[in-house]
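See structure below.
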Amino acid sequence: MLAVAAYQASRNCTIELIVVDDLRVLSGVAQVGQLAPDVLVKLFVPEVKGQLDSGIRALAHAKGELIVTIDPDMHENLADIDRFVEKQISGCSLVYGVRVARGDVSRTRVWISRLYNTIVRRVFLLSVHDINTPMLLLSAEIVPEILGYDGRFGLVKVYFPYVLGARFAEVKIEVSGMSKASSYSYLRLAGFMFRQLLGLSAFLVFRLGLRRHAA
């Protein structure tokens with residue numbers, strides 16, 4: 001909260017902070033916002049759990065022209081928002097962060113993530129270099145499209161970068177902090193990857209179908 005307040009003051013801007021509590025660990029907005037009274041804080045408790053689905057549902061409650069989603073432990077990356085905004089000013093409606101350095105997880109997790117991203121990018125013809133990016137920026141103009149997407153053409157996080165084309169960009173970021181225990185065990189991580197691969201397969205079918213139609 002303090003980092004958000006400091007960023008708001010240094011940029012002389014207005015920030016609306018939506019805290020997405022899909023794990024139900026907070027009791028109310030007063031508890032969330034008491035450390036940063038100058039920041040407009042909203043608490044959103046989605047009906048379903050899951051970081052991606054919860055984050056998408058929270059978009060409907062955002063009022064700003066630019067929306068940034070970021071993991072709660074990435075306060076040191078708030079300054080990177082400026083580079084994301086630069087991409088938006090240049091004409092991009094969706095900007096992903098690409099983690100080129102990480103201090104928040106073990107080296108084993110880092111290499112697994114990099115290997116996984118490399119494989120899925122080549123196999124499934126992706127333009128995204130960090131499919132599970134924890135930080136992204138999007139323009140409010142594309143929110144209705146995202147909220148209305150039914151998933152039939154694959155994962156939302158790869159479908160929209162593809163259809164946006166030149167209006168999609170990436171920014172390299174470094175995630176610092178001490179290495180901590182992940183909320184995902186390796187078994188749970190494998191299950192998550194398997195479900196993700198199903199969504200990527202649907203996207204690949206969509207891509208190949210477009211190619212056949214064009215031919």
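Numbering starts fresh at 1 for the residues of each chain in the structure tokens, the chains themselves are lettered A, B, ... in the order given, and ligands are numbered from 1 as they appear.
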
Output as a ChimeraX atom specification all residues of range 74-138 of chain A that backbone DSSP marks as strand (DSSP E).
/A:94-102,135-138

Please report, as a ChimeraX atom specification, each residue of range 3-206 of chain A to which DSSP assigns helix (DSSP H, G or I) when run on this structure's backbone.
/A:3-11,29-33,51-59,75-89,107-123,140-148,156-167,186-206

At a cut-off of 10 Å, using only C-alpha atoms, what residues contact range 161-170 of chain A? Leave out same-chain residues fewer than 4 positions from it and give the result as a count of residues only.
27

Calculated over only C-alpha atoms, which of the candidates A:Val120, A:Leu66, A:Val171, A:Val25 has the smallest distance to Thr133 in chain A?
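Nearest to Thr133 in chain A: A:Val171.
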
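The shortest atom-to-atom distance to Asn132 in chain A, with only C-alpha atoms taken into account, belongs to A:Ile70 out of A:Ile146, A:Ala3, A:Ala60, A:Ile70.
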
Excluding range 192-196 of chain A and residues on its chain fewer than 2 positions from it, collect all residues at most 12 Å away from it, counting only C-alpha atoms, and give them as a VMD selection string.
chain A and resid 50 52 112 to 113 116 to 117 120 124 131 to 132 154 to 158 184 to 190 198 to 203

Could you name the residues that touch Glu65 in chain A at 9 Å or less, counting only C-alpha atoms, but leaving out those on the same chain fewer than 5 positions away, as a tab-separated table (two decimals) with N, CA and C atoms, in the first residue's frame?
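Output saved as part.tsv:
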chain	number	residue	atom	x	y	z
A	138	LEU	N	-3.31	-2.99	-19.69
A	138	LEU	CA	-4.26	-3.01	-20.80
A	138	LEU	C	-5.07	-1.72	-20.80
A	139	SER	N	-5.51	-1.33	-21.97
A	139	SER	CA	-6.35	-0.16	-22.13
A	139	SER	C	-7.80	-0.54	-21.85
A	140	ALA	N	-8.54	0.38	-21.26
A	140	ALA	CA	-9.93	0.11	-20.91
A	140	ALA	C	-10.77	-0.23	-22.12
A	141	GLU	N	-10.35	0.22	-23.29
A	141	GLU	CA	-11.13	-0.01	-24.51
A	141	GLU	C	-11.28	-1.47	-24.88
